[in-house]
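Participant: Next up, upload_38.txt (compact mmCIF, C-alpha atoms).
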# COMPACT_ATOMS: atom_id res chain seq x y z
CA MET Y 2 39.15 -39.88 -19.93
CA ILE Y 3 38.06 -43.31 -18.73
CA CYS Y 4 41.02 -45.60 -18.06
CA SER Y 5 41.21 -49.38 -18.39
CA LEU Y 6 43.67 -51.96 -17.11
CA HIS Y 7 43.28 -53.92 -20.33
CA PRO Y 8 43.20 -52.96 -24.03
CA PHE Y 9 39.87 -51.93 -25.53
CA TYR Y 10 40.52 -54.09 -28.59
CA LEU Y 11 41.07 -57.67 -29.72
CA GLU Y 12 43.84 -58.42 -32.18
CA LYS Y 13 41.34 -59.59 -34.80
CA ASN Y 14 39.89 -56.05 -34.95
CA VAL Y 15 43.21 -54.20 -35.31
CA VAL Y 16 43.65 -52.25 -38.55
CA LEU Y 17 46.21 -50.01 -40.24
CA PHE Y 18 45.00 -46.65 -41.51
CA PRO Y 19 47.75 -44.71 -43.35
CA ALA Y 20 45.67 -41.50 -43.38
CA VAL Y 21 46.53 -40.93 -39.70
CA GLU Y 22 50.25 -40.65 -40.45
CA GLY Y 23 51.92 -37.26 -40.64
CA SER Y 24 52.44 -34.06 -38.66
CA TRP Y 25 49.35 -32.37 -37.24
CA THR Y 26 48.32 -29.29 -35.30
CA ALA Y 27 45.70 -29.67 -32.57
CA ARG Y 28 42.97 -27.51 -31.10
CA PRO Y 29 40.22 -28.31 -28.56
CA ILE Y 30 36.64 -29.04 -29.58
CA LYS Y 31 33.92 -27.78 -27.26
CA PRO Y 32 31.16 -30.28 -26.44
CA VAL Y 33 27.79 -29.70 -28.07
CA ASP Y 34 26.22 -29.87 -24.60
CA LEU Y 35 26.39 -26.29 -23.30
CA LYS Y 36 26.52 -27.55 -19.71
CA ASN Y 37 30.14 -28.50 -20.33
CA GLU Y 38 31.08 -25.24 -22.04
CA LYS Y 39 33.15 -23.91 -19.13
CA SER Y 40 34.94 -27.19 -18.51
CA GLU Y 41 38.67 -26.85 -19.20
CA VAL Y 42 40.21 -30.18 -20.13
CA TRP Y 43 43.26 -29.58 -22.27
CA SER Y 44 46.43 -27.88 -21.09
CA LYS Y 45 48.95 -25.83 -23.03
CA ALA Y 46 51.25 -28.66 -24.13
CA ASP Y 47 48.37 -30.71 -25.56
CA THR Y 48 47.33 -28.14 -28.14
CA LEU Y 49 50.46 -26.04 -28.66
CA SER Y 50 52.54 -29.12 -29.43
CA GLY Y 51 52.90 -30.72 -32.82
CA TRP Y 52 51.38 -34.20 -33.11
CA LYS Y 53 53.58 -36.56 -35.12
CA ILE Y 54 51.99 -39.90 -35.95
CA GLU Y 55 54.01 -42.69 -37.56
CA ARG Y 56 53.66 -46.42 -37.95
CA TYR Y 57 56.04 -47.96 -35.45
CA ILE Y 58 59.05 -49.71 -36.94
CA SER Y 59 60.91 -52.22 -34.79
CA ILE Y 60 64.64 -52.35 -35.56
CA SER Y 61 66.77 -55.06 -34.00
CA THR Y 62 70.10 -56.79 -34.56
CA GLN Y 63 70.28 -60.55 -34.98
CA LYS Y 64 73.03 -63.04 -35.72
CA THR Y 65 73.02 -64.85 -39.04
CA SER Y 66 73.81 -68.55 -39.34
CA LYS Y 67 77.41 -67.50 -40.00
CA GLY Y 68 77.57 -65.46 -36.83
CA LYS Y 69 77.41 -62.04 -38.49
CA ASP Y 70 75.21 -59.22 -37.24
CA THR Y 71 72.25 -58.30 -39.42
CA THR Y 72 69.64 -55.60 -39.00
CA VAL Y 73 66.01 -56.73 -38.93
CA VAL Y 74 63.36 -54.12 -39.74
CA ASN Y 75 59.83 -55.08 -38.72
CA PRO Y 76 56.84 -52.70 -39.25
CA MET Y 77 54.39 -53.18 -36.37
CA ASN Y 78 50.60 -53.02 -36.44
CA PHE Y 79 50.37 -49.87 -34.33
CA TYR Y 80 51.38 -46.23 -34.43
CA GLU Y 81 53.59 -44.02 -32.31
CA VAL Y 82 52.14 -40.63 -31.44
CA LYS Y 83 54.76 -38.04 -30.49
CA LEU Y 84 53.94 -34.67 -29.00
CA VAL Y 85 56.83 -32.36 -29.84
CA SER Y 86 57.73 -28.73 -29.34
CA ASN Y 87 56.81 -26.60 -32.32
CA VAL Y 88 59.79 -24.39 -31.57
CA GLN Y 89 62.69 -26.81 -31.07
CA ASP Y 90 61.06 -29.99 -32.38
CA SER Y 91 62.06 -31.69 -29.12
CA LEU Y 92 60.03 -34.61 -27.81
CA TYR Y 93 57.64 -33.99 -24.91
CA TYR Y 94 56.27 -37.52 -24.65
CA SER Y 95 54.85 -40.30 -26.81
CA PHE Y 96 52.01 -42.79 -26.94
CA LYS Y 97 51.25 -46.11 -28.54
CA MET Y 98 48.10 -45.86 -30.62
CA VAL Y 99 46.36 -49.03 -31.81
CA LEU Y 100 43.59 -48.53 -34.36
CA PHE Y 101 40.71 -50.98 -34.56
CA ARG Y 102 37.30 -51.25 -36.16
CA ILE Y 103 34.04 -52.45 -34.69
CA LYS Y 104 30.93 -52.33 -36.88
CA ASN Y 105 32.98 -50.34 -39.40
CA VAL Y 106 33.65 -47.55 -36.89
CA LEU Y 107 37.28 -46.53 -36.32
CA TYR Y 108 38.52 -46.39 -32.72
CA ALA Y 109 41.90 -45.81 -31.11
CA ASP Y 110 43.42 -47.31 -27.97
CA PHE Y 111 46.08 -45.05 -26.42
CA THR Y 112 48.74 -46.16 -23.94
CA PRO Y 113 51.75 -44.12 -22.75
CA ARG Y 114 55.23 -45.02 -23.94
CA ASP Y 115 56.92 -42.69 -21.44
CA LYS Y 116 56.54 -42.01 -17.73
CA ILE Y 117 56.93 -38.27 -17.93
CA ILE Y 118 54.65 -36.12 -15.81
CA ARG Y 119 53.95 -32.73 -17.36
CA SER Y 120 51.83 -30.31 -15.38
CA ASP Y 121 51.02 -28.50 -18.64
CA SER Y 122 49.48 -31.58 -20.28
CA ARG Y 123 46.18 -33.19 -19.38
CA PHE Y 124 46.92 -36.07 -21.75
CA GLY Y 125 50.25 -36.68 -20.02
CA LEU Y 126 48.79 -36.55 -16.50
CA GLU Y 127 45.90 -38.88 -17.38
CA SER Y 128 48.27 -41.41 -18.93
CA TYR Y 129 51.08 -41.44 -16.37
CA PHE Y 130 50.30 -45.03 -15.39
CA PRO Y 131 50.30 -47.77 -18.06
CA VAL Y 132 46.54 -47.71 -18.62
CA HIS Y 133 44.45 -47.62 -21.78
CA THR Y 134 42.13 -44.85 -22.94
CA LEU Y 135 39.51 -45.16 -25.68
CA ALA Y 136 38.80 -42.67 -28.45
CA LYS Y 137 36.68 -42.54 -31.57
CA LEU Y 138 38.32 -41.19 -34.73
CA LYS Y 139 36.73 -39.35 -37.62
CA ILE Y 140 39.07 -38.60 -40.52
CA THR Y 141 38.15 -36.47 -43.52
CA GLY Y 142 40.95 -35.52 -45.89
CA GLY Y 143 43.55 -33.59 -43.92
CA GLU Y 144 41.40 -33.23 -40.82
CA MET Y 145 40.89 -35.59 -37.90
CA ASP Y 146 38.55 -35.40 -34.91
CA ILE Y 147 39.45 -37.45 -31.82
CA SER Y 148 36.89 -37.91 -29.04
CA TRP Y 149 37.91 -39.72 -25.84
CA LEU Y 150 35.33 -41.55 -23.74
CA GLY Y 151 35.05 -39.55 -20.51
CA ALA Y 152 35.35 -40.93 -16.98
CA GLU Y 153 32.36 -38.98 -15.63
CA TYR Y 154 30.33 -39.93 -18.69
CA MET Y 155 31.15 -43.61 -18.14
CA LYS Y 156 30.38 -43.34 -14.41
CA GLU Y 157 26.93 -41.94 -15.16
CA MET Y 158 26.20 -44.69 -17.70
CA ILE Y 159 27.15 -47.37 -15.18
CA GLU Y 160 25.14 -45.80 -12.34
CA LYS Y 161 22.07 -45.53 -14.57
CA LYS Y 162 22.67 -49.10 -15.77
CA ARG Y 163 22.90 -48.01 -19.38
CA VAL Y 164 25.97 -50.19 -19.80
CA ARG Y 165 27.39 -53.14 -17.90
CA VAL Y 166 31.12 -53.56 -17.51
CA ASN Y 167 33.47 -54.60 -14.71
CA TYR Y 168 35.08 -51.69 -12.88
CA HIS Y 169 36.79 -50.64 -9.67
CA TRP Y 170 36.29 -47.37 -7.83
CA VAL Y 171 39.67 -45.88 -6.92
CA GLU Y 172 38.92 -43.90 -3.79
CA SER Y 173 42.24 -42.04 -3.66
CA ALA Y 174 41.70 -40.72 -7.19
CA LYS Y 175 37.91 -40.45 -6.92
CA ARG Y 176 37.43 -42.11 -10.29
CA LEU Y 177 36.52 -45.33 -12.05
CA LEU Y 178 39.01 -47.80 -13.42
CA LEU Y 179 37.65 -50.36 -15.88
CA THR Y 180 38.82 -53.88 -15.03
CA GLY Y 181 36.99 -55.97 -17.63
CA THR Y 182 38.84 -58.16 -20.10
CA SER Y 183 39.50 -56.98 -23.65
CA GLY Y 184 36.71 -59.30 -24.76
CA GLN Y 185 34.25 -57.66 -22.35
CA LEU Y 186 35.36 -54.18 -23.39
CA THR Y 187 35.03 -55.05 -27.07
CA GLY Y 188 31.54 -56.36 -26.36
CA MET Y 189 30.67 -53.07 -24.65
CA ILE Y 190 31.88 -51.09 -27.67
CA ASP Y 191 30.04 -53.37 -30.08
CA ARG Y 192 26.77 -53.01 -28.17
CA TYR Y 193 26.81 -49.40 -27.00
CA ALA Y 194 29.45 -47.25 -28.72
CA GLY Y 195 27.58 -46.93 -31.99
CA GLU Y 196 24.36 -45.74 -30.31
CA PRO Y 197 24.24 -41.98 -29.52
CA ARG Y 198 21.62 -42.64 -26.83
CA PHE Y 199 24.28 -44.60 -24.94
CA ILE Y 200 27.51 -42.83 -25.96
CA ASP Y 201 27.30 -39.41 -27.55
CA TRP Y 202 30.78 -38.95 -28.99
CA GLU Y 203 30.09 -35.28 -29.75
CA ASN Y 204 29.54 -34.51 -26.06
CA GLN Y 205 32.71 -35.88 -24.52
CA GLN Y 206 34.81 -33.39 -22.55
CA ALA Y 207 38.13 -34.47 -24.08
CA MET Y 208 37.96 -33.82 -27.83
CA LEU Y 209 40.55 -32.53 -30.29
CA HIS Y 210 40.49 -31.40 -33.90
CA LEU Y 211 43.73 -32.09 -35.77
CA ASN Y 212 44.80 -30.45 -39.03
CA LEU Y 213 47.41 -32.13 -41.23
CA ILE Y 214 50.58 -30.12 -41.89
CA ASN Y 215 52.50 -32.65 -43.96
CA ARG Y 216 53.10 -36.36 -44.41
Show the structure stored in the file as structure tokens.

Facilitator:
Amino acid sequence: MICSLHPFYLEKNVVLFPAVEGSWTARPIKPVDLKNEKSEVWSKADTLSGWKIERYISISTQKTSKGKDTTVVNPMNFYEVKLVSNVQDSLYYSFKMVLFRIKNVLYADFTPRDKIIRSDSRFGLESYFPVHTLAKLKITGGEMDISWLGAEYMKEMIEKKRVRVNYHWVESAKRLLLTGTSGQLTGMIDRYAGEPRFIDWENQQAMLHLNLINR
């Protein structure tokens, strides 16, 4: 997954999409490109966990004008994604997921809400630091495909000058870190993400198919 210091979205593009809410099971999707067939991306916890997606509700206590405590409930414009044990329903870790649309295509920006390293989760390892990852969503009824933009894929596009975006090469990790502003990243998505010749979302290494269990 390609990581960014800044969000891939602008607030004006943020949307709510109730169809993502509920409990889901997950399984890997193999890339169409057979060259990537043997590439193992996901770990056990990513696909054997239950995915619970809910709109985040902020609950706080404030003082009234008379000095009494009152509870304030404020639904936020993003979702919380929880990966939980299917056996004990205990929380493994969670993510903030912001949905946004560009040219009527639905994307998701993921950032970690916990700093929990799990050796049995690729998603958890990739998101240990507070960085952003970009995915494209396709939702049909009770099914959802999520395709994350890959780091190696992005590296190749930059080297071949297919796309232009600010980045930094992290030598210790041997990978790219996008450093462009949210405006620059949104411009990149607007210009390139809808064109398969630039970004083929069906050939990313990190892809999941989710099936809805219940809402």

Participant: Using all atoms listed in the file, which of the listed residues (Y:Gln63, Y:Gly151, Y:Asn167, Y:Ser86) sits closest to Ser183 in chain Y?

Facilitator: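 That would be Y:Asn167, the residue with the smallest distance to Ser183 in chain Y.
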
Participant: Near range 22-26 of chain Y, within 6 Å and counting only C-alpha atoms, which residues show up once chain neighbours fewer than 6 positions away are dropped, as a list of chain:residue names?

Facilitator: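 The contact residues come out as Y:Gly51, Y:Trp52, Y:Lys53, Y:Ile54, Y:Glu55, Y:Leu211, Y:Asn212, Y:Leu213, Y:Ile214, Y:Asn215, Y:Arg216.
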
Participant: Leaving out Lys97 in chain Y and any residue of its chain fewer than 6 positions from it, which residues lie within 6 Å of it when counting all atoms listed in the file, given as a ChimeraX atom specification?

Facilitator: /Y:80-81,111-112

Participant: Hey, which of Y:Ser148, Y:Thr65, Y:Ser95, Y:Gln185 ends up closest to Arg165 in chain Y? Count all atoms listed in the file.

Facilitator: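 Ranking Y:Ser148, Y:Thr65, Y:Ser95, Y:Gln185 by distance to Arg165 in chain Y, first place goes to Y:Gln185.
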
Participant: Hey, which of Y:Val73, Y:Val85, Y:Phe101, Y:Gln206 ends up closest to Thr48 in chain Y? Count all atoms listed in the file.

Facilitator: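 Of Y:Val73, Y:Val85, Y:Phe101, Y:Gln206, the one nearest Thr48 in chain Y, counting all atoms listed in the file, is Y:Val85.
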
Participant: What does the distance between CA of Phe79 in chain Y and CA of Leu209 in chain Y come to in Å, to one decimal place?

Facilitator: 20.3 Å

Participant: May I ask for the distance between CA of Asn105 in chain Y and CA of Val164 in chain Y, given in Å to one decimal place?

Facilitator: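 CA of Val164 in chain Y lies 20.8 Å from CA of Asn105 in chain Y.
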
Participant: Just how far from CA of Leu150 in chain Y is CA of Lys137 in chain Y, in Å to one decimal?

Facilitator: 8.0 Å

Participant: So which one's closest to Val82 in chain Y, Y:Phe96, Y:Phe9, Y:Trp170, Y:Tyr108? Using all atoms listed in the file, please.

Facilitator: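 Smallest separation from Val82 in chain Y among the options: Y:Phe96.
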
Participant: Could you check which of Y:Trp202, Y:Ala109, Y:Ala207, Y:Ile3 is closest to Val42 in chain Y, using only C-alpha atoms?

Facilitator: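 The shortest atom-to-atom distance to Val42 in chain Y comes from Y:Ala207.
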
Participant: Using only C-alpha atoms, find the one residue out of Y:Gly142, Y:Gly68, Y:Gly181, Y:Pro76 that sits nearest to Pro8 in chain Y.

Facilitator: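 The closest residue to Pro8 in chain Y is Y:Gly181.
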
Participant: Find the residues near Leu179 in chain Y: any atom within 9 Å, counting only C-alpha atoms, skip ones fewer than 3 places away on the same chain, and give them as an MDAnalysis selection string.

Facilitator: chainID Y and resid 3:7 166:170 182 186

Participant: What does the file look like for those residues with C-alpha atoms, as a short mmCIF file (atom, residue, chain, number, x, y, z; two decimals), in the frame of the given file?

Facilitator:
data_model
loop_
_atom_site.label_atom_id
_atom_site.label_comp_id
_atom_site.auth_asym_id
_atom_site.auth_seq_id
_atom_site.Cartn_x
_atom_site.Cartn_y
_atom_site.Cartn_z
CA ILE Y 3 38.06 -43.31 -18.73
CA CYS Y 4 41.02 -45.60 -18.06
CA SER Y 5 41.21 -49.38 -18.39
CA LEU Y 6 43.67 -51.96 -17.11
CA HIS Y 7 43.28 -53.92 -20.33
CA VAL Y 166 31.12 -53.56 -17.51
CA ASN Y 167 33.47 -54.60 -14.71
CA TYR Y 168 35.08 -51.69 -12.88
CA HIS Y 169 36.79 -50.64 -9.67
CA TRP Y 170 36.29 -47.37 -7.83
CA THR Y 182 38.84 -58.16 -20.10
CA LEU Y 186 35.36 -54.18 -23.39
#
